[in-house]
Number of protein chains: 4
Amino acid sequence: MDFTPSKRSLEYRERLIQFMRNEIEPIESNYHKENRRLNPDGNWREWQLAPVIEELKQKAKAAGLWNLFLPDDELGAGLTTLEYAPLAEVMGHSLIAPEIFNCNAPDTGNMEVLYHFGSAAQKEQWLKPLLAGEIRSVFGMTEPDVASSDATNMQTTIVADGDDVVINGRKWWSTGIGHPNAKLAIVMGLTDPEADRHARHSMVLVPLDTDGVTIERMLPAFGEYDAPYGHGEVRFENVRVPKANLIGNLGDGFKIAQGRLGPGRIHHCMRALGAAEKALQLFIQRGQDRIGFGKPLLQLGGNLERLADMRIAIDQARLLTFYAAWKIDQVGAMKALTEISAIKVAVPNVLQQVVDASIQIHGGAGVSHDVPLTALFATARVLRIADGPDEVHRATIAKMELRKYRGA
Amino acid sequence: MDFTPSKRSLEYRERLIQFMRNEIEPIESNYHKENRRLNPDGNWREWQLAPVIEELKQKAKAAGLWNLFLPDDELGAGLTTLEYAPLAEVMGHSLIAPEIFNCNAPDTGNMEVLYHFGSAAQKEQWLKPLLAGEIRSVFGMTEPDVASSDATNMQTTIVADGDDVVINGRKWWSTGIGHPNAKLAIVMGLTDPEADRHARHSMVLVPLDTDGVTIERMLPAFGEYDAPYGHGEVRFENVRVPKANLIGNLGDGFKIAQGRLGPGRIHHCMRALGAAEKALQLFIQRGQDRIGFGKPLLQLGGNLERLADMRIAIDQARLLTFYAAWKIDQVGAMKALTEISAIKVAVPNVLQQVVDASIQIHGGAGVSHDVPLTALFATARVLRIADGPDEVHRATIAKMELRKYRGA
Amino acid sequence: MDFTPSKRSLEYRERLIQFMRNEIEPIESNYHKENRRLNPDGNWREWQLAPVIEELKQKAKAAGLWNLFLPDDELGAGLTTLEYAPLAEVMGHSLIAPEIFNCNAPDTGNMEVLYHFGSAAQKEQWLKPLLAGEIRSVFGMTEPDVASSDATNMQTTIVADGDDVVINGRKWWSTGIGHPNAKLAIVMGLTDPEADRHARHSMVLVPLDTDGVTIERMLPAFGEYDAPYGHGEVRFENVRVPKANLIGNLGDGFKIAQGRLGPGRIHHCMRALGAAEKALQLFIQRGQDRIGFGKPLLQLGGNLERLADMRIAIDQARLLTFYAAWKIDQVGAMKALTEISAIKVAVPNVLQQVVDASIQIHGGAGVSHDVPLTALFATARVLRIADGPDEVHRATIAKMELRKYRGA
Amino acid sequence: MDFTPSKRSLEYRERLIQFMRNEIEPIESNYHKENRRLNPDGNWREWQLAPVIEELKQKAKAAGLWNLFLPDDELGAGLTTLEYAPLAEVMGHSLIAPEIFNCNAPDTGNMEVLYHFGSAAQKEQWLKPLLAGEIRSVFGMTEPDVASSDATNMQTTIVADGDDVVINGRKWWSTGIGHPNAKLAIVMGLTDPEADRHARHSMVLVPLDTDGVTIERMLPAFGEYDAPYGHGEVRFENVRVPKANLIGNLGDGFKIAQGRLGPGRIHHCMRALGAAEKALQLFIQRGQDRIGFGKPLLQLGGNLERLADMRIAIDQARLLTFYAAWKIDQVGAMKALTEISAIKVAVPNVLQQVVDASIQIHGGAGVSHDVPLTALFATARVLRIADGPDEVHRATIAKMELRKYRGA
C-alpha cells in the first residue's frame, strides 16, 4: 500500500495546476456564458466547440499535458493508475479541463479499449485521431427500455451476416454524441443469448455516419444539456459494418467491458473529488465573504461543523480511491471489485453532499449559473446512476464480503 | 387540535382531484414538451403562456375552482388556512396546476397583502385583475449583493420625495417576473435606517412598466428557467411612483411582510407534500414495472425499506403542516413561529429526499425530462433557500425553545 | 382527525404533572441510588420493590391517578386511546412513574387482554389484583432460539391433554419477571402447526409458581438489569394448567395478540416521547449551564441547529402518534397498521437520536448514572427491537403502501 | 504516503492473530461470565484481576508479544506508529487483549510520557514496572465540574511549596483507577494562571497511596463498570509530593500532554476499527444463521446494503487512520492535527454505526451480555467524548482548513 506519488506524477501535477491557473481559470466563467450563447439547448444539431477550447487543446498538447491517462510510454505518459489519479483530481476542478488535456470520458475508456483490444487497422484508423484529439467517440451501453444495471437485460443485437455484422437497437446516455467532433461509437450488444452468461455480447466499432444510425435527441441531466458534451439517445436500425469492425471476436464484449471499467472508475472518482474540493472552496469563500447577523456566514450555526465533516469525507474518499487505484495496478481490476465498487458508491455521494452544502451557503446564487454548483451537482447525481447505480455496487460489495465467510 | 377537514374542504378536494385527473393530467406531458419549444431558455423576453393553460384557467374559473386560497367568502372560497391546506396539496401534484386555479405563488401572497393592507384604490386597480387571473405580479424581496436571510442587510431604498416615493436598488429571485402577464411588483425596501428595527422598511406597488424598472435577466434554478414562471433579476433606478402606491405607510413594510409569510409557507409546504406524493408514486410505479436480476426493482436491496421511510416522513410532515395551519387559524402566525419554521425546514427536506430516491430508481430517465423529477428536485432545493434558508429557521426554532427556559 | 384533548384528559394531565412534580421528581435521583444498593445486579432472586414506590402507589391510587390506561369507566378512567396518549407522555418523563400509576408495561397490555378476552373467573382471579396493583404479570412471547420477529417461528408448544393444557418451551425478554410481585405469565405458544396461519397459536395463563416454570436468569439491556423491572429468561417444562386457564379457546392466540398490540404501541411511543422531551430538557439545561471557550455550550458549533432538529423530530413524531391513536379509536387497530408500524419505527429512533445528542453535550456525565440518559438510551434501543424490529415494521408499511396500487 | 506494512509488522500481526485465536478467543466468553461473578459492580474496592489474565500476560510476554506499542528497540518493539497500527487493530477484536499484551490505555500513553519526558529516576521507579506489567497507572485530566474539552477550564492546582508540589482538585474518568495493580497517577493541573496559555499547567507523578488521594467512586459507562478496568472519580486534597515527581518542569504540562495524544489516538482508533470488524463479523454470522420469513436475515430488507455501507465506512476510516499514523511518523503529531482530529471524529462514529446495526440484527440477544456488542457500543460512545468530543475536533479541523485561506 504505497500511495507515494512518483516524481513524474508530482511534476505533471504541478504543471497541470499551473496550466489550469494560467490558462483555464481566467477564461472559464466567460467561457460558460459564451458557450451557452453559442450552443443554445434547443439547437443541438448545430452544436459547436468553442474556439477557445480548441486553442487550449493545442497549448496543452504543446506543453506535453496530453493523453496523460494512457499507460503507454510513447502514446501517452506511461503512468500507472495510481500515478494518474492525482492528475485526474486536478482536472476535476474544472468542467472543461478534461477535454483540453484529451482526458475526457468516454474517450479515455474508448482509447483504452482500442489500445488493449483493437487490431492494428482499428488503431490506425481510430486510436490515432482520438489520441490526436482530432475526433471524439461515444460508448453505447445503456438502453432506455430496460434496467441496464442488469447487463443480461440488454436488447440491442449484434449479429453476424456474411462478412458483416448487423446492429439493431437503441442506446441512450451515450455521452458526447452531440459533440461536433464525435465520429465513432463503440457499441455493445447481444450476439448469442444461448451462450455462457459472459460470452453473449459483442463490441463493435460503428462510425456515426453509417447508414441506419440516427441520433434521436440529446438528453438533459438536471436541466442541463451540457453542450457540446452531453448525452444522447441513438437508434441503430439494420446498421451494417464489416466484421473487421468487431473488437476482438463475437462474444468478447463482456470481457472487454470489464477491463474498461476499472481505471475509468478511478478517473471518474478522482475528478469527482477534484470537483468536491472546488465546491468546498466555494463554500468557504462564500461563507467568509457574506455577512449575516453581524458575522461571516461560516461562523453561524453548524457551518464550521459541516466544513469539518466535508473535509473528513473528502479525505477518506480520496484515500479509498488511491487504494483502489493501487490495487488495480498491483493485482488487476478483477481482484479489486470491492474497492472499485466502494469508491463508486462513496465518492459521488460525498460530492453530492458537499455540493449540496455549498449550494445552501450560496443562497439563491447557488442554484443559478453564477457559480458552477448545479453543474457539479448534476455530475454527482448522474454519477450515482452511471456505470452502475449505488445499489448494484452495494450488492457487489456485499457479495464479495460474504465470500470471505464461505470457506470458513 | 382538530384537523378534521370540513365538508366544504372535502368537496373542493374531490372536485380538484377530478379536474386534475380529467383536464390537467391528460395534457401534462405534452404540455411540457410544447412549452419548452414555445419558450426556449435563450429567449425569455418573448416568453408566452401556452394557450392550453389559458383555456384551463377559464374552465377552472367556470367550475368555481378559483382563488380557493383567499379567506374571503365573496372574493375567494372563504376557507381557513387549514381548510385550504389539503387543496394546496392536491395542486402540488402538478407543476402547472397552481396557475390554472389562480393559486400560484407569489400572486397568492401578493393578493393577500392587497386584501389585508391595500387601500380601496389599490384593490380596484390591482387586486381585481389579479383575482380575475388577468394579470400576474411579483414580490421584490431578496437581493443579490447581501445575505438576504438577514433582513437588516437590505440595500434597496424606498424614499419619500414630495408626493412620490423613489425606489433604488436591485432584487433577484423575483418569481414570475418573466411571465407575459406580469404587470406589478410589490417591492420592499429601506426607508429609515435609524428607525426601530421593525419600522425601517416600506412596501410599495411598482407597475413593471414604470420608468427605471429594468429586468436584467432570468435566472435558472438547477438549470431550468421554468418558463414562463421562473425567477428574474430586476434593477430599480430612480423609479418614481406616487405615495398612493405605498401599502400602508412608510415604515410598515416589516409588519406587512410578516403577515404575508404565515399562510404562504403553509401553501408552499402543502404543495411540496403533494409533489412528494407524486414522486413517491413514480418511485413505486417504476419500481414495480422495471425488472432487474429477475425481480421488480422494488423487491431489490433496501428499496422497500426506503419506501416505508418515505411514507413515514411524508405523513409526519403533513401532520406537522396541518398543525401549523391550524395554529395560524387559531392564534395567528406570530404565535406559530416555531411551527411555521419547523415545516419550512422539514417539508422541503422530505421532498428532496423522496425525489432523490425516486430519481435513483428511475436510473437515467430520472435525471432527464422524461419524468418531472428534476423539476420537483429543483422545487425542493430552491425551497430550502427561499423564504429563509433552513439554517435561519432552525435558529428561530432554537430561540423560541430557549424562551421556555427563560422564566424557569 | 380531531386530536383536541378532551376536558377529562386535560384535567388528568394537569394532575399527573402536579403529582410528578410534587411526589416523584423530588425523590427520584435518590431513589435510583438507593434502588441500586437495594437490588444489586448479581442478586436478582432477592430483588425488592423500594418502599417509596409502594407508598407512592398508594398516594396515586388515593388521588385517582390509577389505571388511567383502561378504557372502562368503572375499572379504569374510561379514556380513549387518544385521551390517554398525552398522559402516557407525561409518565414517560420518569422511569418509575408508570408503575406508580399502575400503568406499567406489560401489565397494561395483560390487563387489557384479560379485560377484553378473559372469562369471569379469570377476571376475578387475576384482573382484580392486577388492577389493584397487588400483583404483577409478564407476557411470554419472544424466544431465544428463533427469529421471533417472524411469529411462525415460535417453538413453545401449548397442547391439550385431558382437562389440562401442557406448555413446553423457553421464552426470554419476559419483562417484569424478576419483580417480587410478579405472579402470572400470559404465555403464547403453538397448538396446531397444521391450522391456518392465524389459528395455530394459543394463549394461556400460567401462575409463576406452577411446577415446571423456571426463571433461568435476568437479562441486562445495555448493561442495566433495571431492577426490579427488567427482563428475564424462563423455561417451561411440562407445565400443566387447567384448560380453564386458556384465554379464549385453543387457536385464539394470534387474534388476541393482535388486539393487544395497537394501544400498547401507542403507550410505548407516547412514553418514549415523554422520555425524549426529558432528554431534550437535559440537553438544554446542560448546554446553558456549562461554559466552554467562553460561551455556554449551546452557543457552540451546531448545537442550536441540533436543538431545532430535535424539536422538529419530536413534534412530528408526536402528531403521528396522536394520529395513530385517533385512528385506532375510530376504526380499530387492524385498519391502522400503517400508522402503528410508522410510529413504532419513527418514535424510538427519534428518542435514540435525542438521547444520543443529550449524552454528547453532557460529556462524561452523560454516559454515567449521574443523569438518567443511558437508561433512556437503553429504552430507545430496546424499543427498536421489542414488539417487532424496525425492519419488520418497515416491511409492513411497504406492503400496505403497495396494496394501494394493486387495484389501480 | 507509503502504508505498506513492514516485514516486522506483518510478522507480529500474524503472531498476534495466532495468539488471539489460540489463547484468548477460547477462554473469552467464559472469562466475561467469571469476571462478572468475581467483580460484582457494587464492590469495586475489592476488584481483582482474573488469574487467567495474569497467566496470559506471562504467555504473551514469553512470546515476545509485549510492549509492542513502544517505539524503542530495546524496551519495546521499536515499531513506528504506522507499523504498530495494524497490531492495535488486531488487539481491538477482543476487549481483554490489550492488557494481555501490555498495550492497554492509559498505560501506553503514560509509558510514552515517562519514556520521552521522564527523568532517569522516574523511569527506574515507574517505567520499569509498567513495562514489566507489574503495576498499572492512570491519567488524571478530565474534571467533573467544568467543560474539560476546554483545557483552560481546568481547576485542579499543582503548586510549588518548598521542595514539594501540592495538588488540590478532583478528576474523573480516570481510567483504570479501580484496577488492583493501579499504583500511579499522572496528574495534570494548573500552576500559573497568569502564564502564557500553553505554559500554565504542570504534570506530576502521584503514587495512589499518597496521603490525600481518595478514590471516591467508580463510574459506569452505559451501565458497565468494566471491572477491573473502568473509570473512577478521585479527589486530591493537599496531596504533597516532592518536586522530583514533576515531569519536566512546572509549566511543561501542556507540551507533554500534546505529545501524548498523537500516537494514543491512533491506538484508540485502530482498536476501534478492530472492534468494528468484530461487530461486522457478528452481524454477518447472525444474519446468515437466523432464519426469518423463510430466508436468512441477511437477505431481508436493506441488510445487504447496510453490510456494504459498513464495509465502505470501515475501509475508509482505516485508510484515514493509516494516513494519520504515517503523517505522525513523518512530520510529528503537531503537523498532523487535521488528520488526528479527523480520525477521532470518523472512527468512533463508524464503530457506533456498525455496532448499532449489529445489535439490531441480533434482536434481543444484541442488547444482552450474550454477545459483546453493548460493551463495544459503550466503547464507541465513550470514545466520542473522551480525548475531546467530536465537536471540539470538528472545530480544530475547521480552524486548520480556514488557515489555508488566510494567506491566499
# chains A, B, ... in the order shown; residues from 1 in each chain; ligands from 1
call {"tool": "closest_atom_pairs", "arguments": {"of": "chain C", "to": "chain B", "cutoff": "8 Å", "atoms": "only C-alpha atoms", "output": "Markdown table"}}
result
| residue | atom | partner | partner_atom | distance |
| --- | --- | --- | --- | --- |
| C:Met1 | CA | B:Thr4 | CA | 4.4 |
| C:Asp2 | CA | B:Asp2 | CA | 3.9 |
| C:Phe3 | CA | B:Met1 | CA | 5.0 |
| C:Thr4 | CA | B:Met1 | CA | 4.4 |
| C:Pro5 | CA | B:Met1 | CA | 7.7 |
| C:Ile284 | CA | B:Leu402 | CA | 7.7 |
| C:Leu304 | CA | B:Ala398 | CA | 5.8 |
| C:Glu305 | CA | B:Arg394 | CA | 5.6 |
| C:Leu307 | CA | B:Ala398 | CA | 6.1 |
| C:Ala308 | CA | B:Ala398 | CA | 5.1 |
| C:Asp309 | CA | B:Arg394 | CA | 7.2 |
| C:Arg311 | CA | B:Ile397 | CA | 7.8 |
| C:Ile312 | CA | B:Ala342 | CA | 5.7 |
| C:Asp315 | CA | B:Leu320 | CA | 7.3 |
| C:Gln316 | CA | B:Gln316 | CA | 5.2 |
| C:Ala317 | CA | B:Gln316 | CA | 6.5 |
| C:Leu319 | CA | B:Leu319 | CA | 6.2 |
| C:Leu320 | CA | B:Gln316 | CA | 5.7 |
| C:Ala342 | CA | B:Ile312 | CA | 5.7 |
| C:Ala346 | CA | B:Ile312 | CA | 7.4 |
| C:Glu391 | CA | B:Glu305 | CA | 7.3 |
| C:Arg394 | CA | B:Ala308 | CA | 5.2 |
| C:Ala395 | CA | B:Glu305 | CA | 6.6 |
| C:Ile397 | CA | B:Ala308 | CA | 5.4 |
| C:Ala398 | CA | B:Ala308 | CA | 5.1 |
| C:Leu402 | CA | B:Ile284 | CA | 7.7 |
call {"tool": "write_last_selection", "arguments": {"atoms": "C-alpha atoms", "output": "compact mmCIF listing (two decimals), in the first residue's frame"}}
result
# COMPACT_ATOMS: atom_id res chain seq x y z
CA MET C 1 -58.68 13.94 12.61
CA ASP C 2 -59.57 15.71 15.80
CA PHE C 3 -56.72 15.48 18.28
CA THR C 4 -58.18 18.07 20.63
CA PRO C 5 -57.61 16.78 24.12
CA ILE C 284 -30.77 22.43 27.05
CA LEU C 304 -28.59 25.12 18.33
CA GLU C 305 -29.27 23.52 14.96
CA LEU C 307 -31.77 21.55 19.19
CA ALA C 308 -34.08 22.72 16.42
CA ASP C 309 -33.89 19.40 14.62
CA ARG C 311 -37.79 19.85 18.39
CA ILE C 312 -38.97 19.23 14.83
CA ASP C 315 -43.22 17.30 17.35
CA GLN C 316 -43.67 15.37 14.13
CA ALA C 317 -43.46 12.03 15.88
CA LEU C 319 -48.51 14.20 15.89
CA LEU C 320 -48.08 10.91 14.08
CA ALA C 342 -44.94 4.03 11.35
CA ALA C 346 -40.26 6.71 13.97
CA GLU C 391 -37.23 -3.69 9.68
CA ARG C 394 -40.95 -1.06 7.53
CA ALA C 395 -41.92 -4.20 5.63
CA ILE C 397 -45.69 -0.25 5.82
CA ALA C 398 -44.33 -1.08 2.37
CA LEU C 402 -48.23 -1.34 -2.37
call {"tool": "residues_around", "arguments": {"residues": "C:His93", "least_positions_apart": "6", "cutoff": "9 Å", "atoms": "only C-alpha atoms", "output": "NGL selection string"}}
result
:C and (20 or 271-279)
call {"tool": "write_last_selection", "arguments": {"atoms": "N, CA and C atoms", "output": "PDB file, in the first residue's frame"}}
result
ATOM      1  N   MET C  20     -46.304  14.365  39.611  1.00  0.00           N
ATOM      2  CA  MET C  20     -44.908  14.057  39.294  1.00  0.00           C
ATOM      3  C   MET C  20     -43.980  15.120  39.846  1.00  0.00           C
ATOM      4  N   ARG C 271     -44.838   7.276  25.871  1.00  0.00           N
ATOM      5  CA  ARG C 271     -43.841   7.330  26.947  1.00  0.00           C
ATOM      6  C   ARG C 271     -42.464   7.659  26.381  1.00  0.00           C
ATOM      7  N   ALA C 272     -42.162   7.102  25.232  1.00  0.00           N
ATOM      8  CA  ALA C 272     -40.863   7.392  24.602  1.00  0.00           C
ATOM      9  C   ALA C 272     -40.756   8.874  24.251  1.00  0.00           C
ATOM     10  N   LEU C 273     -41.871   9.475  23.842  1.00  0.00           N
ATOM     11  CA  LEU C 273     -41.832  10.913  23.533  1.00  0.00           C
ATOM     12  C   LEU C 273     -41.653  11.731  24.805  1.00  0.00           C
ATOM     13  N   GLY C 274     -42.277  11.286  25.881  1.00  0.00           N
ATOM     14  CA  GLY C 274     -42.028  11.945  27.163  1.00  0.00           C
ATOM     15  C   GLY C 274     -40.555  11.848  27.526  1.00  0.00           C
ATOM     16  N   ALA C 275     -39.986  10.680  27.303  1.00  0.00           N
ATOM     17  CA  ALA C 275     -38.558  10.493  27.579  1.00  0.00           C
ATOM     18  C   ALA C 275     -37.711  11.391  26.688  1.00  0.00           C
ATOM     19  N   ALA C 276     -38.134  11.557  25.427  1.00  0.00           N
ATOM     20  CA  ALA C 276     -37.389  12.423  24.515  1.00  0.00           C
ATOM     21  C   ALA C 276     -37.450  13.877  24.984  1.00  0.00           C
ATOM     22  N   GLU C 277     -38.623  14.291  25.454  1.00  0.00           N
ATOM     23  CA  GLU C 277     -38.725  15.661  25.985  1.00  0.00           C
ATOM     24  C   GLU C 277     -37.812  15.834  27.199  1.00  0.00           C
ATOM     25  N   LYS C 278     -37.761  14.798  28.024  1.00  0.00           N
ATOM     26  CA  LYS C 278     -36.887  14.860  29.201  1.00  0.00           C
ATOM     27  C   LYS C 278     -35.418  14.984  28.761  1.00  0.00           C
ATOM     28  N   ALA C 279     -35.045  14.186  27.780  1.00  0.00           N
ATOM     29  CA  ALA C 279     -33.651  14.218  27.304  1.00  0.00           C
ATOM     30  C   ALA C 279     -33.322  15.556  26.661  1.00  0.00           C
TER      31      ALA C 279
END
call {"tool": "residues_around", "arguments": {"residues": "A:Thr152", "least_positions_apart": "4", "cutoff": "12 Å", "atoms": "only C-alpha atoms", "output": "short mmCIF file (atom, residue, chain, number, x, y, z; two decimals) with N, CA and C atoms, in the first residue's frame"}}
result
data_model
loop_
_atom_site.label_atom_id
_atom_site.label_comp_id
_atom_site.auth_asym_id
_atom_site.auth_seq_id
_atom_site.Cartn_x
_atom_site.Cartn_y
_atom_site.Cartn_z
N MET A 141 -23.90 1.71 -24.39
CA MET A 141 -24.09 0.61 -23.43
C MET A 141 -25.52 0.62 -22.90
N THR A 142 -25.89 1.69 -22.20
CA THR A 142 -27.18 1.78 -21.52
C THR A 142 -28.32 1.89 -22.52
N GLU A 143 -29.47 1.26 -22.19
CA GLU A 143 -30.60 1.26 -23.10
C GLU A 143 -31.84 1.82 -22.39
N VAL A 146 -34.92 -0.95 -20.71
CA VAL A 146 -34.68 -1.99 -19.71
C VAL A 146 -33.80 -1.45 -18.59
N ALA A 147 -33.83 -2.17 -17.47
CA ALA A 147 -32.95 -1.81 -16.36
C ALA A 147 -31.54 -2.23 -16.73
N SER A 148 -30.75 -1.29 -17.21
CA SER A 148 -29.44 -1.63 -17.75
C SER A 148 -28.43 -1.97 -16.67
N THR A 156 -30.16 -4.59 -27.49
CA THR A 156 -29.52 -4.33 -28.78
C THR A 156 -28.82 -5.60 -29.26
N MET A 188 -22.06 -1.97 -27.68
CA MET A 188 -22.13 -3.31 -27.11
C MET A 188 -23.53 -3.85 -27.35
N GLY A 189 -23.60 -5.12 -27.69
CA GLY A 189 -24.91 -5.71 -27.96
C GLY A 189 -24.86 -7.22 -27.82
N LEU A 190 -26.04 -7.78 -27.92
CA LEU A 190 -26.22 -9.21 -27.69
C LEU A 190 -26.00 -9.98 -28.99
N THR A 191 -25.14 -10.99 -28.91
CA THR A 191 -24.88 -11.79 -30.10
C THR A 191 -25.49 -13.18 -29.97
N ASP A 192 -25.30 -13.81 -28.82
CA ASP A 192 -25.75 -15.19 -28.67
C ASP A 192 -26.39 -15.39 -27.30
N PRO A 193 -27.71 -15.27 -27.23
CA PRO A 193 -28.39 -15.36 -25.93
C PRO A 193 -28.26 -16.73 -25.29
N GLU A 194 -27.83 -17.71 -26.07
CA GLU A 194 -27.72 -19.06 -25.51
C GLU A 194 -26.33 -19.33 -24.93
N ALA A 195 -25.40 -18.48 -25.23
CA ALA A 195 -24.02 -18.72 -24.77
C ALA A 195 -23.92 -18.50 -23.27
N ASP A 196 -22.78 -18.87 -22.75
CA ASP A 196 -22.48 -18.61 -21.35
C ASP A 196 -22.69 -17.12 -21.04
N ARG A 197 -23.15 -16.87 -19.83
CA ARG A 197 -23.51 -15.51 -19.43
C ARG A 197 -22.44 -14.46 -19.77
N HIS A 198 -21.21 -14.85 -19.78
CA HIS A 198 -20.13 -13.89 -20.03
C HIS A 198 -19.63 -13.93 -21.46
N ALA A 199 -20.31 -14.68 -22.32
CA ALA A 199 -19.85 -14.76 -23.71
C ALA A 199 -20.97 -14.43 -24.70
N ARG A 200 -22.00 -13.75 -24.20
CA ARG A 200 -23.15 -13.48 -25.06
C ARG A 200 -23.00 -12.21 -25.90
N HIS A 201 -22.18 -11.31 -25.43
CA HIS A 201 -22.18 -9.97 -26.02
C HIS A 201 -20.95 -9.71 -26.88
N PHE A 254 -18.29 -8.76 -23.12
CA PHE A 254 -18.32 -8.64 -21.66
C PHE A 254 -16.91 -8.49 -21.10
N ILE B 291 -37.73 -4.53 -14.37
CA ILE B 291 -37.23 -5.80 -13.87
C ILE B 291 -35.71 -5.82 -13.94
N GLY B 292 -35.09 -6.20 -12.86
CA GLY B 292 -33.64 -6.36 -12.85
C GLY B 292 -33.30 -7.59 -12.03
N PHE B 293 -32.35 -8.37 -12.51
CA PHE B 293 -31.94 -9.56 -11.76
C PHE B 293 -33.15 -10.44 -11.41
N GLY B 294 -34.11 -10.44 -12.34
CA GLY B 294 -35.24 -11.35 -12.20
C GLY B 294 -36.37 -10.89 -11.32
#
call {"tool": "select_by_dssp", "arguments": {"residues": "stretch 34-207 of chain B", "states": "helix (DSSP H, G or I)", "output": "ChimeraX atom specification"}}
result
/B:34-38,41-46,51-62,81-92,97-100,107-117,120-131,151-153
call {"tool": "atom_distance", "arguments": {"atom1": "atom CA of A:Tyr31", "atom2": "atom CA of A:Ala365"}}
result
18.4 Å
call {"tool": "closest_atom_pairs", "arguments": {"of": "stretch 152-176 of chain C", "to": "stretch 220-239 of chain C", "cutoff": "9 Å", "atoms": "only C-alpha atoms", "output": "Markdown table"}}
result
| residue | atom | partner | partner_atom | distance |
| --- | --- | --- | --- | --- |
| C:Thr156 | CA | C:Phe236 | CA | 8.4 |
| C:Val165 | CA | C:Val239 | CA | 8.1 |
| C:Val166 | CA | C:Val239 | CA | 5.4 |
| C:Ile167 | CA | C:Val239 | CA | 4.9 |
| C:Asn168 | CA | C:Glu237 | CA | 4.9 |
| C:Gly169 | CA | C:Phe236 | CA | 5.1 |
| C:Arg170 | CA | C:Arg235 | CA | 4.5 |
| C:Lys171 | CA | C:Val234 | CA | 5.4 |
| C:Trp172 | CA | C:Glu233 | CA | 4.0 |
| C:Trp173 | CA | C:His231 | CA | 4.8 |
| C:Ser174 | CA | C:His231 | CA | 5.1 |
| C:Thr175 | CA | C:His231 | CA | 4.1 |
| C:Gly176 | CA | C:Tyr229 | CA | 4.7 |
call {"tool": "write_last_selection", "arguments": {"atoms": "N, CA and C atoms", "output": "JSON list (two decimals), in the first residue's frame"}}
result
[["chain", "number", "residue", "atom", "x", "y", "z"],
["C", 156, "THR", "N", -42.36, -22.71, 21.31],
["C", 156, "THR", "CA", -43.06, -23.14, 22.53],
["C", 156, "THR", "C", -44.39, -23.76, 22.14],
["C", 165, "VAL", "N", -53.91, -28.15, 29.78],
["C", 165, "VAL", "CA", -53.02, -27.89, 28.66],
["C", 165, "VAL", "C", -51.60, -27.97, 29.21],
["C", 166, "VAL", "N", -50.69, -28.41, 28.34],
["C", 166, "VAL", "CA", -49.31, -28.60, 28.77],
["C", 166, "VAL", "C", -48.42, -27.67, 27.93],
["C", 167, "ILE", "N", -47.57, -26.96, 28.64],
["C", 167, "ILE", "CA", -46.71, -25.96, 27.99],
["C", 167, "ILE", "C", -45.26, -26.42, 28.07],
["C", 168, "ASN", "N", -44.59, -26.37, 26.92],
["C", 168, "ASN", "CA", -43.16, -26.67, 26.86],
["C", 168, "ASN", "C", -42.47, -25.63, 25.98],
["C", 169, "GLY", "N", -41.37, -25.14, 26.48],
["C", 169, "GLY", "CA", -40.64, -24.17, 25.66],
["C", 169, "GLY", "C", -39.84, -23.22, 26.52],
["C", 170, "ARG", "N", -39.37, -22.19, 25.85],
["C", 170, "ARG", "CA", -38.48, -21.23, 26.51],
["C", 170, "ARG", "C", -38.81, -19.84, 25.97],
["C", 171, "LYS", "N", -38.97, -18.89, 26.86],
["C", 171, "LYS", "CA", -39.22, -17.51, 26.47],
["C", 171, "LYS", "C", -38.13, -16.63, 27.06],
["C", 172, "TRP", "N", -37.85, -15.51, 26.41],
["C", 172, "TRP", "CA", -36.95, -14.55, 27.06],
["C", 172, "TRP", "C", -37.44, -13.13, 26.77],
["C", 173, "TRP", "N", -36.75, -12.19, 27.36],
["C", 173, "TRP", "CA", -37.23, -10.82, 27.32],
["C", 173, "TRP", "C", -38.64, -10.72, 27.88],
["C", 174, "SER", "N", -38.90, -11.60, 28.86],
["C", 174, "SER", "CA", -40.17, -11.56, 29.58],
["C", 174, "SER", "C", -40.04, -10.46, 30.63],
["C", 175, "THR", "N", -40.57, -9.31, 30.27],
["C", 175, "THR", "CA", -40.36, -8.11, 31.08],
["C", 175, "THR", "C", -41.09, -8.23, 32.42],
["C", 176, "GLY", "N", -40.40, -7.90, 33.49],
["C", 176, "GLY", "CA", -41.01, -7.83, 34.81],
["C", 176, "GLY", "C", -40.98, -9.15, 35.56]]
call {"tool": "residues_around", "arguments": {"residues": "C:His116", "least_positions_apart": "6", "cutoff": "12 Å", "atoms": "only C-alpha atoms", "output": "list in words"}}
result
Leu70, Pro71, Asp72, Gly109, Asn110, Gln122, Lys123, Leu127, Ile247, Gly248, Lys255, Ile256, Ala257, Gly259 and Arg260 of chain C
call {"tool": "atom_distance", "arguments": {"atom1": "atom CA of D:Ile135", "atom2": "atom CA of D:Thr157"}}
result
26.1 Å
call {"tool": "select_by_dssp", "arguments": {"residues": "stretch 236-266 of chain A", "states": "strand (DSSP E or B)", "output": "count of residues only"}}
result
8
call {"tool": "residues_around", "arguments": {"residues": "B:Asn104", "least_positions_apart": "4", "cutoff": "12 Å", "atoms": "only C-alpha atoms", "output": "MDAnalysis selection string"}}
result
chainID B and resid 57 66:70 88 91:92 94:100 108:111 130:131 133 136:138 175:176 229 264 267:268 271
call {"tool": "residues_around", "arguments": {"residues": "D:Lys335", "least_positions_apart": "2", "cutoff": "12 Å", "atoms": "only C-alpha atoms", "output": "JSON, numbers by chain"}}
result
{"D": [258, 259, 262, 324, 325, 326, 327, 328, 329, 330, 331, 332, 333, 337, 338, 339, 340, 341, 400]}
call {"tool": "write_last_selection", "arguments": {"atoms": "C-alpha atoms", "output": "CSV table (one decimal), in the first residue's frame"}}
result
chain,number,residue,atom,x,y,z
D,258,GLN,CA,0.1,17.2,23.4
D,259,GLY,CA,2.9,14.8,22.6
D,262,GLY,CA,-1.0,11.8,18.8
D,324,ALA,CA,-2.7,10.0,10.2
D,325,ALA,CA,-0.2,7.4,11.6
D,326,TRP,CA,2.1,7.8,8.7
D,327,LYS,CA,1.9,11.6,9.0
D,328,ILE,CA,2.8,11.5,12.7
D,329,ASP,CA,5.8,9.3,11.8
D,330,GLN,CA,6.9,11.7,9.1
D,331,VAL,CA,6.3,15.1,10.4
D,332,GLY,CA,5.1,14.7,14.0
D,333,ALA,CA,1.7,15.0,15.6
D,337,LEU,CA,-3.7,18.0,13.7
D,338,THR,CA,-6.3,17.8,11.0
D,339,GLU,CA,-5.7,14.1,10.4
D,340,ILE,CA,-5.7,13.2,14.1
D,341,SER,CA,-8.9,15.1,14.7
D,400,MET,CA,-6.9,24.3,10.2
call {"tool": "closest_residue", "arguments": {"among": "D:Gln48, D:Ala132, D:Met334, D:Glu124", "to": "D:Arg36", "atoms": "only C-alpha atoms"}}
result
D:Gln48
